[in-house]
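**Student:** Following this line is start_15.csv, made up of CSV, C-alpha atoms:
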```csv
chain,number,residue,atom,x,y,z
Q,1,MET,CA,-4.7,-7.0,17.0
Q,2,LYS,CA,-6.5,-7.9,20.2
Q,3,GLY,CA,-3.5,-9.8,21.6
Q,4,LEU,CA,-5.4,-13.1,22.0
Q,5,GLU,CA,-2.6,-15.3,20.6
Q,6,ASP,CA,-1.7,-16.4,24.2
Q,7,VAL,CA,-5.3,-17.1,25.1
Q,8,ILE,CA,-6.6,-18.8,21.9
Q,9,SER,CA,-4.5,-21.2,20.0
Q,10,LEU,CA,-4.6,-21.3,16.2
Q,11,ASP,CA,-4.4,-24.1,13.7
Q,12,SER,CA,-4.6,-23.5,9.9
Q,13,THR,CA,-5.8,-25.9,7.3
Q,14,HIS,CA,-3.8,-26.6,4.2
Q,15,TRP,CA,-4.4,-24.2,1.3
Q,16,PHE,CA,-5.6,-27.0,-1.1
Q,17,LEU,CA,-9.4,-27.6,-0.9
Q,18,ASP,CA,-10.0,-31.0,-2.4
Q,19,GLU,CA,-13.3,-32.9,-3.0
Q,20,ARG,CA,-13.3,-33.9,0.7
Q,21,GLY,CA,-12.9,-30.4,1.9
Q,22,TRP,CA,-10.4,-28.5,4.0
Q,23,GLN,CA,-7.5,-30.7,5.1
Q,24,PHE,CA,-4.7,-30.8,7.6
Q,25,LYS,CA,-1.4,-32.0,6.1
Q,26,ASP,CA,2.3,-31.1,5.7
Q,27,GLN,CA,3.0,-28.2,8.1
Q,28,TYR,CA,-0.7,-27.5,8.5
Q,29,LYS,CA,-1.7,-29.8,11.4
Q,30,ASP,CA,-4.6,-30.2,13.8
Q,31,SER,CA,-2.9,-29.8,17.1
Q,32,LEU,CA,-5.8,-31.2,19.2
Q,33,TYR,CA,-6.8,-34.5,17.6
Q,34,GLY,CA,-4.5,-35.0,14.6
Q,35,VAL,CA,-7.4,-35.5,12.2
Q,36,PRO,CA,-6.6,-35.2,8.4
Q,37,TYR,CA,-9.8,-33.3,7.5
Q,38,LEU,CA,-11.7,-30.5,9.1
Q,39,LYS,CA,-14.9,-32.4,8.4
Q,40,GLU,CA,-13.9,-34.8,11.2
Q,41,LEU,CA,-14.1,-32.0,13.7
Q,42,TYR,CA,-17.6,-31.0,12.5
Q,43,LEU,CA,-18.6,-34.6,12.9
Q,44,LYS,CA,-17.0,-34.8,16.4
Q,45,ALA,CA,-19.2,-31.8,17.3
Q,46,ASN,CA,-22.3,-33.3,15.7
Q,47,PRO,CA,-22.1,-36.9,14.3
Q,48,LYS,CA,-25.2,-36.1,12.2
Q,49,TYR,CA,-23.8,-33.0,10.5
Q,50,GLU,CA,-24.4,-33.0,6.7
Q,51,ASP,CA,-24.0,-29.3,5.7
Q,52,CYS,CA,-21.0,-27.5,4.3
Q,53,VAL,CA,-17.7,-27.6,6.1
Q,54,THR,CA,-16.4,-24.1,6.2
Q,55,VAL,CA,-13.6,-22.0,7.7
Q,56,PRO,CA,-13.0,-20.3,10.1
Q,57,VAL,CA,-14.1,-22.4,13.1
Q,58,LEU,CA,-14.1,-21.3,16.7
Q,59,TRP,CA,-13.6,-24.5,18.8
Q,60,ASP,CA,-14.2,-25.0,22.5
Q,61,LYS,CA,-11.5,-27.3,23.9
Q,62,LYS,CA,-13.3,-28.0,27.1
Q,63,THR,CA,-16.7,-29.0,25.7
Q,64,GLU,CA,-15.1,-30.3,22.5
Q,65,THR,CA,-17.5,-28.7,20.1
Q,66,ILE,CA,-17.9,-25.9,17.6
Q,67,VAL,CA,-18.8,-22.5,19.1
Q,68,ASN,CA,-19.2,-20.7,15.8
Q,69,ASN,CA,-18.2,-21.0,12.1
Q,70,GLU,CA,-19.3,-17.6,10.8
Q,71,SER,CA,-16.5,-15.2,10.4
Q,72,THR,CA,-18.4,-12.0,11.2
Q,73,GLU,CA,-19.9,-13.5,14.3
Q,74,ILE,CA,-16.5,-14.9,15.4
Q,75,ILE,CA,-15.0,-11.4,15.1
Q,76,ARG,CA,-17.6,-10.0,17.5
Q,77,ILE,CA,-17.1,-12.9,19.9
Q,78,LEU,CA,-13.4,-12.2,20.0
Q,79,ASN,CA,-14.0,-8.5,20.2
Q,80,THR,CA,-14.9,-8.3,23.9
Q,81,THR,CA,-15.5,-11.8,25.3
Q,82,PHE,CA,-11.9,-12.5,26.4
Q,83,ASP,CA,-11.0,-8.9,27.5
Q,84,LYS,CA,-10.4,-10.0,31.1
Q,85,PHE,CA,-7.5,-12.1,29.9
Q,86,ILE,CA,-5.9,-9.2,27.9
Q,87,PRO,CA,-6.2,-6.1,30.1
Q,88,ASN,CA,-3.8,-4.1,28.0
Q,89,LYS,CA,-5.9,-4.6,24.9
Q,90,ALA,CA,-9.4,-4.5,26.5
Q,91,GLY,CA,-9.9,-0.9,25.4
Q,92,LEU,CA,-9.8,-1.9,21.7
Q,93,ASN,CA,-13.4,-2.3,20.7
Q,94,LEU,CA,-14.1,-2.9,17.0
Q,95,TYR,CA,-17.8,-2.8,17.5
Q,96,PRO,CA,-18.6,0.1,19.9
Q,97,GLN,CA,-22.2,0.5,20.8
Q,98,HIS,CA,-22.5,4.1,19.6
Q,99,LEU,CA,-21.3,3.1,16.1
Q,100,GLN,CA,-23.1,-0.2,15.7
Q,101,VAL,CA,-26.0,1.1,13.5
Q,102,GLU,CA,-23.5,2.7,11.1
Q,103,ILE,CA,-21.1,-0.3,11.1
Q,104,ASP,CA,-24.0,-2.6,10.3
Q,105,SER,CA,-25.2,-0.4,7.5
Q,106,VAL,CA,-21.7,-0.1,5.9
Q,107,ASN,CA,-21.0,-3.8,6.4
Q,108,GLU,CA,-24.3,-4.7,4.6
Q,109,TRP,CA,-23.7,-2.8,1.4
Q,110,ILE,CA,-20.0,-3.8,1.3
Q,111,TYR,CA,-21.0,-7.5,1.6
Q,112,GLU,CA,-23.7,-7.3,-1.0
Q,113,THR,CA,-21.9,-5.3,-3.6
Q,114,VAL,CA,-18.1,-6.0,-3.1
Q,115,ASN,CA,-17.8,-9.4,-1.4
Q,116,ASN,CA,-20.7,-11.0,-3.4
Q,117,GLY,CA,-20.0,-9.0,-6.5
Q,118,ILE,CA,-16.5,-10.5,-6.8
Q,119,TYR,CA,-17.8,-14.0,-6.6
Q,120,LYS,CA,-20.6,-13.3,-9.0
Q,121,ALA,CA,-18.1,-12.2,-11.6
Q,122,GLY,CA,-15.5,-14.8,-10.8
Q,123,PHE,CA,-17.9,-17.8,-11.0
Q,124,ALA,CA,-20.0,-16.5,-13.9
Q,125,THR,CA,-20.6,-19.2,-16.5
Q,126,SER,CA,-21.4,-17.0,-19.4
Q,127,GLN,CA,-20.0,-13.7,-20.8
Q,128,THR,CA,-23.3,-11.9,-20.2
Q,129,ALA,CA,-23.5,-13.0,-16.6
Q,130,TYR,CA,-19.8,-12.0,-16.1
Q,131,GLU,CA,-20.3,-8.5,-17.6
Q,132,ASP,CA,-23.5,-8.0,-15.6
Q,133,ALA,CA,-21.5,-8.6,-12.5
Q,134,VAL,CA,-18.1,-7.1,-13.1
Q,135,TYR,CA,-19.0,-3.6,-14.2
Q,136,PRO,CA,-21.2,-2.8,-11.2
Q,137,LEU,CA,-18.5,-4.1,-8.8
Q,138,PHE,CA,-16.4,-0.9,-9.2
Q,139,GLN,CA,-19.2,1.5,-8.2
Q,140,PRO,CA,-19.0,0.5,-4.5
Q,141,LEU,CA,-15.2,0.5,-4.7
Q,142,ASP,CA,-15.4,4.1,-6.0
Q,143,ARG,CA,-17.7,4.8,-3.1
Q,144,LEU,CA,-15.2,3.3,-0.6
Q,145,GLU,CA,-12.4,5.3,-2.2
Q,146,ALA,CA,-14.3,8.5,-1.8
Q,147,MET,CA,-15.1,7.7,1.9
Q,148,LEU,CA,-11.4,7.0,2.6
Q,149,SER,CA,-10.3,10.3,0.9
Q,150,ARG,CA,-12.0,12.1,3.8
Q,151,SER,CA,-10.9,9.9,6.8
Q,152,ASP,CA,-8.5,7.2,7.7
Q,153,TYR,CA,-11.2,4.6,8.5
Q,154,LEU,CA,-14.7,3.8,7.1
Q,155,VAL,CA,-16.9,4.5,10.1
Q,156,SER,CA,-16.5,7.8,12.1
Q,157,ASN,CA,-12.8,7.9,11.4
Q,158,THR,CA,-12.4,5.1,13.9
Q,159,LEU,CA,-10.9,1.6,13.5
Q,160,THR,CA,-13.8,-0.8,13.5
Q,161,GLU,CA,-14.6,-4.3,12.3
Q,162,THR,CA,-15.7,-2.7,9.0
Q,163,ASP,CA,-12.0,-1.9,8.1
Q,164,ILE,CA,-10.9,-5.5,8.6
Q,165,LEU,CA,-11.6,-6.3,5.1
Q,166,TYR,CA,-9.7,-10.3,-5.8
Q,167,HIS,CA,-8.5,-8.9,-8.8
Q,168,GLY,CA,-6.8,-11.1,-11.5
Q,169,HIS,CA,-8.0,-14.6,-10.5
Q,170,PHE,CA,-11.7,-13.6,-10.7
Q,171,LYS,CA,-11.1,-11.4,-13.8
Q,172,CYS,CA,-12.1,-8.3,-11.9
Q,173,ASN,CA,-9.2,-6.3,-13.4
Q,174,ILE,CA,-11.0,-3.3,-14.9
Q,175,LYS,CA,-9.3,-1.4,-12.1
Q,176,SER,CA,-6.9,-2.4,-9.4
Q,177,ILE,CA,-6.5,-1.4,-5.8
Q,178,GLU,CA,-2.8,-0.8,-6.4
Q,179,LYS,CA,-3.2,1.6,-9.3
Q,180,ASP,CA,-6.7,3.1,-9.1
Q,181,TYR,CA,-7.7,3.2,-5.4
Q,182,PRO,CA,-4.9,4.9,-3.4
Q,183,ASN,CA,-7.0,5.5,-0.3
Q,184,ILE,CA,-8.2,1.9,-0.1
Q,185,LEU,CA,-4.6,0.8,-0.5
Q,186,LYS,CA,-3.6,3.2,2.3
Q,187,LEU,CA,-6.2,1.5,4.6
Q,188,ALA,CA,-4.8,-1.9,3.7
Q,189,ARG,CA,-1.3,-0.8,4.5
Q,190,ARG,CA,-2.5,0.8,7.7
Q,191,ILE,CA,-4.1,-2.4,8.9
Q,192,TYR,CA,-1.3,-4.6,7.7
Q,193,GLN,CA,1.3,-2.6,9.5
Q,194,MET,CA,-0.4,-2.8,12.8
Q,195,PRO,CA,1.5,-4.9,15.4
Q,196,LYS,CA,1.4,-8.6,14.7
Q,197,VAL,CA,-1.0,-8.4,11.7
Q,198,ALA,CA,1.6,-9.1,9.0
Q,199,GLU,CA,2.6,-12.3,10.6
Q,200,THR,CA,-0.9,-13.7,10.1
Q,201,VAL,CA,-0.8,-13.2,6.4
Q,202,ASP,CA,0.8,-15.8,4.1
Q,203,ILE,CA,0.5,-14.4,0.5
Q,204,LEU,CA,1.8,-17.6,-1.1
Q,205,CYS,CA,-0.7,-19.7,0.7
Q,206,ILE,CA,-3.5,-17.4,-0.2
Q,207,LYS,CA,-2.5,-17.5,-3.9
Q,208,LYS,CA,-2.1,-21.3,-3.9
Q,209,GLY,CA,-5.5,-21.6,-2.3
Q,210,TYR,CA,-7.4,-19.5,-4.8
Q,211,TYR,CA,-5.5,-20.5,-7.9
Q,212,GLY,CA,-4.9,-24.1,-7.0
Q,213,SER,CA,-8.2,-25.1,-5.5
Q,214,GLN,CA,-10.8,-23.5,-7.7
Q,215,VAL,CA,-10.4,-25.7,-10.7
Q,216,ARG,CA,-13.4,-24.4,-12.6
Q,217,VAL,CA,-12.0,-20.9,-12.6
Q,218,ASN,CA,-8.3,-21.9,-13.1
Q,219,PRO,CA,-8.1,-25.5,-14.4
Q,220,THR,CA,-4.3,-25.6,-14.8
Q,221,GLY,CA,-3.7,-24.7,-11.1
Q,222,ILE,CA,-0.9,-22.3,-12.1
Q,223,TYR,CA,-0.8,-19.3,-9.8
Q,224,ALA,CA,0.3,-15.7,-10.6
Q,225,ALA,CA,3.9,-14.7,-9.9
Q,226,GLY,CA,3.1,-11.3,-8.5
Q,227,ASN,CA,2.1,-10.6,-4.9
Q,228,GLY,CA,0.2,-7.4,-5.4
Q,229,PRO,CA,1.3,-4.1,-3.8
Q,230,ASN,CA,3.9,-3.9,-1.2
Q,231,LEU,CA,1.9,-3.5,2.0
Q,232,MET,CA,4.9,-2.6,4.1
Q,233,GLN,CA,5.5,0.5,2.0
Q,234,SER,CA,4.7,3.8,3.7
Q,235,LYS,CA,0.9,4.1,4.2
Q,236,ILE,CA,1.0,7.9,4.1
```
Would you mind writing the file's structure down as structure tokens?
**Tutor:**
Amino acid sequence: MKGLEDVISLDSTHWFLDERGWQFKDQYKDSLYGVPYLKELYLKANPKYEDCVTVPVLWDKKTETIVNNESTEIIRILNTTFDKFIPNKAGLNLYPQHLQVEIDSVNEWIYETVNNGIYKAGFATSQTAYEDAVYPLFQPLDRLEAMLSRSDYLVSNTLTETDILYHGHFKCNIKSIEKDYPNILKLARRIYQMPKVAETVDILCIKKGYYGSQVRVNPTGIYAAGNGPNLMQSKI
């Protein structure tokens, strides 16, 4: 989207998250050091590191350390920091100053109600806890659907970081994006069909990661056959 693929290299971890964390194996390689686990890069950056090893990671090749490992912060770093290397894309600002207050406000309630809501339902350990989490989840989705019925994007009808956004696996199937939220689906298709976005999405890898790694939710490791709605279909 920002055209940074020739400026910043990308390595992906394997989809399977085992007891030692995110790993590099098969076609998923660490091109810098050839380490088998992401944890080794965390320890290279800080030999005393003992906290969680998470993805994504923004790595500085020169200083050989982690710059950041928080996705929302990385998005903002990539938004303008490297614009001098991509003059043709420098005008694309996903966090413009005049919209920052509104972006932050929308991001906050989406994170608390949708992002966290899905995991509260998916990892609930009792029927009561599950039902307490799953029913309220669809209220913010209804709100998003209403917002997108009036404009193409969530903030001021402008493409921002807010638009760069789980259904069966986490048992959140009271409604589905494909059948019940046509405007949210249109936004997903609009983003997916932007130049070079689709090539960053590996649906099979995503399915294997969720269904295969989260043993407590899906102990058999069997993943669903369907891939969800066709995101290349017309977004109109």
**Student:** Interatomic distance between atom CA of Ile66 of chain Q and atom CA of Gln97 of chain Q?
**Tutor:**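 Atom CA of Gln97 of chain Q lies at a distance of 26.9 Å from atom CA of Ile66 of chain Q.
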**Student:** Considering all atoms listed in the file, state which residue in the set Q:Leu17, Q:Ile86, Q:Val106, Q:Ile174 is at the smallest distance from Ala121 of chain Q.
**Tutor:**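 Of Q:Leu17, Q:Ile86, Q:Val106, Q:Ile174, the one nearest Ala121 of chain Q is Q:Ile174, counting all atoms listed in the file.
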**Student:** Can you tell me which residues surround Pro219 of chain Q at a distance of at most 12 Å, considering all atoms listed in the file, apart from same-chain residues fewer than 6 positions away, and format the answer as a ChimeraX atom specification?
**Tutor:** /Q:169,210-213
**Student:** Could you dump the residues just selected with C-alpha atoms as a JSON list (two decimals), in the coordinates of the input?
**Tutor:**
```json
[["chain", "number", "residue", "atom", "x", "y", "z"],
["Q", 169, "HIS", "CA", -8.00, -14.60, -10.50],
["Q", 210, "TYR", "CA", -7.40, -19.50, -4.80],
["Q", 211, "TYR", "CA", -5.50, -20.50, -7.90],
["Q", 212, "GLY", "CA", -4.90, -24.10, -7.00],
["Q", 213, "SER", "CA", -8.20, -25.10, -5.50]]
```
**Student:** Let me make sure I understand: among Q:Lys179, Q:Lys208, Q:Arg150, Q:His14, which one has the smallest atom-to-atom distance to Gly221 of chain Q if we use all atoms listed in the file?
**Tutor:**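 Of all the options, Q:Lys208 lies closest to Gly221 of chain Q.
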**Student:** Which residues, written as a list in words, have at least one atom at most 8 Å from segment 80-84 of chain Q, with all atoms listed in the file counted and residues fewer than 4 positions away on the same chain left out?
**Tutor:** Leu4, Arg76, Lys89, Ala90 and Asn93 of chain Q
**Student:** Figure out the distance between atom CA of Phe16 of chain Q and atom CA of Glu64 of chain Q, please, to one decimal in Å.
**Tutor:**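 For atom CA of Glu64 of chain Q relative to atom CA of Phe16 of chain Q, the distance reads 25.7 Å.
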**Student:** Of the residues Q:Ser12, Q:Gln139, Q:Ser176, Q:Asn88, which is the one nearest to Pro56 of chain Q, using only C-alpha atoms?
**Tutor:** Q:Ser12
**Student:** Which of these, Q:Cys172, Q:Leu141, Q:Ala188, Q:Ile203, has the shortest distance to Gln233 of chain Q once you count only C-alpha atoms?
**Tutor:** Q:Ala188
**Student:** Restricting the calculation to all atoms listed in the file: of Q:Gln193, Q:Asn68, Q:Asn173, Q:Asn218, which residue gets closest to Ile118 of chain Q?
**Tutor:**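 Result for the nearest residue to Ile118 of chain Q: Q:Asn173.
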**Student:** Just give me the gap between atom CA of Ala133 of chain Q and atom CA of Lys120 of chain Q in Å, one decimal is fine.
**Tutor:**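 Atom CA of Lys120 of chain Q lies at a distance of 5.9 Å from atom CA of Ala133 of chain Q.
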**Student:** Just checking: using all atoms listed in the file, which residue out of Q:Leu159, Q:Ala198, Q:Val217, Q:Leu231 ends up closest to Tyr119 of chain Q?
**Tutor:** Q:Val217
**Student:** What's the 12 Å shell around Leu41 of chain Q, counting all atoms listed in the file, without same-chain residues fewer than 5 positions away, as a PDB file with C-alpha atoms, in the coordinates of the input?
**Tutor:**
```
ATOM      1  CA  GLY Q  21     -12.900 -30.400   1.900  1.00  0.00           C
ATOM      2  CA  TRP Q  22     -10.400 -28.500   4.000  1.00  0.00           C
ATOM      3  CA  GLN Q  23      -7.500 -30.700   5.100  1.00  0.00           C
ATOM      4  CA  PHE Q  24      -4.700 -30.800   7.600  1.00  0.00           C
ATOM      5  CA  ASP Q  30      -4.600 -30.200  13.800  1.00  0.00           C
ATOM      6  CA  SER Q  31      -2.900 -29.800  17.100  1.00  0.00           C
ATOM      7  CA  LEU Q  32      -5.800 -31.200  19.200  1.00  0.00           C
ATOM      8  CA  TYR Q  33      -6.800 -34.500  17.600  1.00  0.00           C
ATOM      9  CA  GLY Q  34      -4.500 -35.000  14.600  1.00  0.00           C
ATOM     10  CA  VAL Q  35      -7.400 -35.500  12.200  1.00  0.00           C
ATOM     11  CA  PRO Q  36      -6.600 -35.200   8.400  1.00  0.00           C
ATOM     12  CA  ASN Q  46     -22.300 -33.300  15.700  1.00  0.00           C
ATOM     13  CA  PRO Q  47     -22.100 -36.900  14.300  1.00  0.00           C
ATOM     14  CA  LYS Q  48     -25.200 -36.100  12.200  1.00  0.00           C
ATOM     15  CA  TYR Q  49     -23.800 -33.000  10.500  1.00  0.00           C
ATOM     16  CA  VAL Q  53     -17.700 -27.600   6.100  1.00  0.00           C
ATOM     17  CA  THR Q  54     -16.400 -24.100   6.200  1.00  0.00           C
ATOM     18  CA  VAL Q  55     -13.600 -22.000   7.700  1.00  0.00           C
ATOM     19  CA  VAL Q  57     -14.100 -22.400  13.100  1.00  0.00           C
ATOM     20  CA  LEU Q  58     -14.100 -21.300  16.700  1.00  0.00           C
ATOM     21  CA  TRP Q  59     -13.600 -24.500  18.800  1.00  0.00           C
ATOM     22  CA  ASP Q  60     -14.200 -25.000  22.500  1.00  0.00           C
ATOM     23  CA  LYS Q  61     -11.500 -27.300  23.900  1.00  0.00           C
ATOM     24  CA  GLU Q  64     -15.100 -30.300  22.500  1.00  0.00           C
ATOM     25  CA  THR Q  65     -17.500 -28.700  20.100  1.00  0.00           C
ATOM     26  CA  ILE Q  66     -17.900 -25.900  17.600  1.00  0.00           C
ATOM     27  CA  VAL Q  67     -18.800 -22.500  19.100  1.00  0.00           C
ATOM     28  CA  ASN Q  69     -18.200 -21.000  12.100  1.00  0.00           C
TER      29      ASN Q  69
END
```
**Student:** Take segment 4-15 of chain Q, model all heavy atoms, and hand the result over as a PDB file, in the frame of the given file.
**Tutor:**
```
ATOM      1  N   LEU Q   4      -4.784 -11.828  21.480  1.00  0.00           N
ATOM      2  CA  LEU Q   4      -5.400 -13.100  22.000  1.00  0.00           C
ATOM      3  C   LEU Q   4      -4.534 -14.313  21.682  1.00  0.00           C
ATOM      4  O   LEU Q   4      -4.947 -15.426  21.984  1.00  0.00           O
ATOM      5  CB  LEU Q   4      -6.778 -13.253  21.433  1.00  0.00           C
ATOM      6  CG  LEU Q   4      -7.844 -12.303  21.974  1.00  0.00           C
ATOM      7  CD1 LEU Q   4      -9.112 -12.373  21.124  1.00  0.00           C
ATOM      8  CD2 LEU Q   4      -8.157 -12.629  23.434  1.00  0.00           C
ATOM      9  N   GLU Q   5      -3.361 -14.116  21.072  1.00  0.00           N
ATOM     10  CA  GLU Q   5      -2.600 -15.300  20.600  1.00  0.00           C
ATOM     11  C   GLU Q   5      -2.143 -16.172  21.793  1.00  0.00           C
ATOM     12  O   GLU Q   5      -1.884 -17.368  21.594  1.00  0.00           O
ATOM     13  CB  GLU Q   5      -1.400 -14.862  19.783  1.00  0.00           C
ATOM     14  CG  GLU Q   5      -0.433 -13.920  20.464  1.00  0.00           C
ATOM     15  CD  GLU Q   5      -0.777 -12.457  20.252  1.00  0.00           C
ATOM     16  OE1 GLU Q   5      -1.941 -12.136  19.911  1.00  0.00           O
ATOM     17  OE2 GLU Q   5       0.122 -11.620  20.436  1.00  0.00           O
ATOM     18  N   ASP Q   6      -2.038 -15.622  23.004  1.00  0.00           N
ATOM     19  CA  ASP Q   6      -1.700 -16.400  24.200  1.00  0.00           C
ATOM     20  C   ASP Q   6      -2.888 -16.997  24.894  1.00  0.00           C
ATOM     21  O   ASP Q   6      -2.750 -17.752  25.855  1.00  0.00           O
ATOM     22  CB  ASP Q   6      -0.820 -15.609  25.142  1.00  0.00           C
ATOM     23  CG  ASP Q   6       0.530 -15.225  24.556  1.00  0.00           C
ATOM     24  OD1 ASP Q   6       1.067 -16.004  23.756  1.00  0.00           O
ATOM     25  OD2 ASP Q   6       1.033 -14.135  24.890  1.00  0.00           O
ATOM     26  N   VAL Q   7      -4.069 -16.618  24.440  1.00  0.00           N
ATOM     27  CA  VAL Q   7      -5.300 -17.100  25.100  1.00  0.00           C
ATOM     28  C   VAL Q   7      -6.014 -18.113  24.207  1.00  0.00           C
ATOM     29  O   VAL Q   7      -6.560 -19.092  24.716  1.00  0.00           O
ATOM     30  CB  VAL Q   7      -6.268 -15.856  25.286  1.00  0.00           C
ATOM     31  CG1 VAL Q   7      -7.591 -16.298  25.902  1.00  0.00           C
ATOM     32  CG2 VAL Q   7      -5.595 -14.799  26.148  1.00  0.00           C
ATOM     33  N   ILE Q   8      -5.971 -17.907  22.897  1.00  0.00           N
ATOM     34  CA  ILE Q   8      -6.600 -18.800  21.900  1.00  0.00           C
ATOM     35  C   ILE Q   8      -5.608 -19.333  20.964  1.00  0.00           C
ATOM     36  O   ILE Q   8      -4.951 -18.558  20.265  1.00  0.00           O
ATOM     37  CB  ILE Q   8      -7.759 -18.072  21.189  1.00  0.00           C
ATOM     38  CG1 ILE Q   8      -8.792 -17.514  22.172  1.00  0.00           C
ATOM     39  CG2 ILE Q   8      -8.421 -18.988  20.173  1.00  0.00           C
ATOM     40  CD1 ILE Q   8      -9.849 -16.656  21.523  1.00  0.00           C
ATOM     41  N   SER Q   9      -5.445 -20.644  20.904  1.00  0.00           N
ATOM     42  CA  SER Q   9      -4.500 -21.200  20.000  1.00  0.00           C
ATOM     43  C   SER Q   9      -5.069 -21.202  18.545  1.00  0.00           C
ATOM     44  O   SER Q   9      -6.278 -21.055  18.347  1.00  0.00           O
ATOM     45  CB  SER Q   9      -4.162 -22.667  20.368  1.00  0.00           C
ATOM     46  OG  SER Q   9      -5.333 -23.475  20.342  1.00  0.00           O
ATOM     47  N   LEU Q  10      -4.200 -21.340  17.574  1.00  0.00           N
ATOM     48  CA  LEU Q  10      -4.600 -21.300  16.200  1.00  0.00           C
ATOM     49  C   LEU Q  10      -4.014 -22.390  15.369  1.00  0.00           C
ATOM     50  O   LEU Q  10      -2.799 -22.609  15.391  1.00  0.00           O
ATOM     51  CB  LEU Q  10      -4.185 -19.915  15.578  1.00  0.00           C
ATOM     52  CG  LEU Q  10      -4.423 -19.735  14.066  1.00  0.00           C
ATOM     53  CD1 LEU Q  10      -5.913 -19.675  13.764  1.00  0.00           C
ATOM     54  CD2 LEU Q  10      -3.733 -18.480  13.555  1.00  0.00           C
ATOM     55  N   ASP Q  11      -4.858 -23.129  14.659  1.00  0.00           N
ATOM     56  CA  ASP Q  11      -4.400 -24.100  13.700  1.00  0.00           C
ATOM     57  C   ASP Q  11      -4.946 -23.643  12.305  1.00  0.00           C
ATOM     58  O   ASP Q  11      -6.074 -23.153  12.207  1.00  0.00           O
ATOM     59  CB  ASP Q  11      -4.988 -25.496  13.951  1.00  0.00           C
ATOM     60  CG  ASP Q  11      -4.356 -26.136  15.176  1.00  0.00           C
ATOM     61  OD1 ASP Q  11      -3.265 -25.685  15.589  1.00  0.00           O
ATOM     62  OD2 ASP Q  11      -4.950 -27.080  15.727  1.00  0.00           O
ATOM     63  N   SER Q  12      -4.133 -23.821  11.273  1.00  0.00           N
ATOM     64  CA  SER Q  12      -4.600 -23.500   9.900  1.00  0.00           C
ATOM     65  C   SER Q  12      -4.667 -24.708   9.061  1.00  0.00           C
ATOM     66  O   SER Q  12      -3.824 -25.617   9.162  1.00  0.00           O
ATOM     67  CB  SER Q  12      -3.539 -22.500   9.273  1.00  0.00           C
ATOM     68  OG  SER Q  12      -3.473 -21.280   9.978  1.00  0.00           O
ATOM     69  N   THR Q  13      -5.696 -24.761   8.245  1.00  0.00           N
ATOM     70  CA  THR Q  13      -5.800 -25.900   7.300  1.00  0.00           C
ATOM     71  C   THR Q  13      -4.860 -25.648   6.134  1.00  0.00           C
ATOM     72  O   THR Q  13      -4.381 -24.539   5.899  1.00  0.00           O
ATOM     73  CB  THR Q  13      -7.249 -25.973   6.739  1.00  0.00           C
ATOM     74  OG1 THR Q  13      -7.597 -24.739   6.088  1.00  0.00           O
ATOM     75  CG2 THR Q  13      -8.245 -26.267   7.848  1.00  0.00           C
ATOM     76  N   HIS Q  14      -4.583 -26.706   5.401  1.00  0.00           N
ATOM     77  CA  HIS Q  14      -3.800 -26.600   4.200  1.00  0.00           C
ATOM     78  C   HIS Q  14      -4.517 -25.771   3.153  1.00  0.00           C
ATOM     79  O   HIS Q  14      -5.749 -25.716   3.150  1.00  0.00           O
ATOM     80  CB  HIS Q  14      -3.516 -28.022   3.638  1.00  0.00           C
ATOM     81  CG  HIS Q  14      -2.493 -28.080   2.556  1.00  0.00           C
ATOM     82  ND1 HIS Q  14      -2.809 -27.902   1.235  1.00  0.00           N
ATOM     83  CD2 HIS Q  14      -1.148 -28.289   2.609  1.00  0.00           C
ATOM     84  CE1 HIS Q  14      -1.705 -28.020   0.498  1.00  0.00           C
ATOM     85  NE2 HIS Q  14      -0.686 -28.252   1.317  1.00  0.00           N
ATOM     86  N   TRP Q  15      -3.764 -25.115   2.280  1.00  0.00           N
ATOM     87  CA  TRP Q  15      -4.400 -24.200   1.300  1.00  0.00           C
ATOM     88  C   TRP Q  15      -5.211 -24.958   0.253  1.00  0.00           C
ATOM     89  O   TRP Q  15      -6.124 -24.384  -0.347  1.00  0.00           O
ATOM     90  CB  TRP Q  15      -3.312 -23.386   0.590  1.00  0.00           C
ATOM     91  CG  TRP Q  15      -2.232 -24.187  -0.092  1.00  0.00           C
ATOM     92  CD1 TRP Q  15      -1.012 -24.526   0.422  1.00  0.00           C
ATOM     93  CD2 TRP Q  15      -2.282 -24.755  -1.402  1.00  0.00           C
ATOM     94  NE1 TRP Q  15      -0.298 -25.277  -0.482  1.00  0.00           N
ATOM     95  CE2 TRP Q  15      -1.059 -25.424  -1.627  1.00  0.00           C
ATOM     96  CE3 TRP Q  15      -3.231 -24.764  -2.424  1.00  0.00           C
ATOM     97  CZ2 TRP Q  15      -0.759 -26.086  -2.804  1.00  0.00           C
ATOM     98  CZ3 TRP Q  15      -2.943 -25.425  -3.608  1.00  0.00           C
ATOM     99  CH2 TRP Q  15      -1.718 -26.076  -3.787  1.00  0.00           C
TER     100      TRP Q  15
END
```
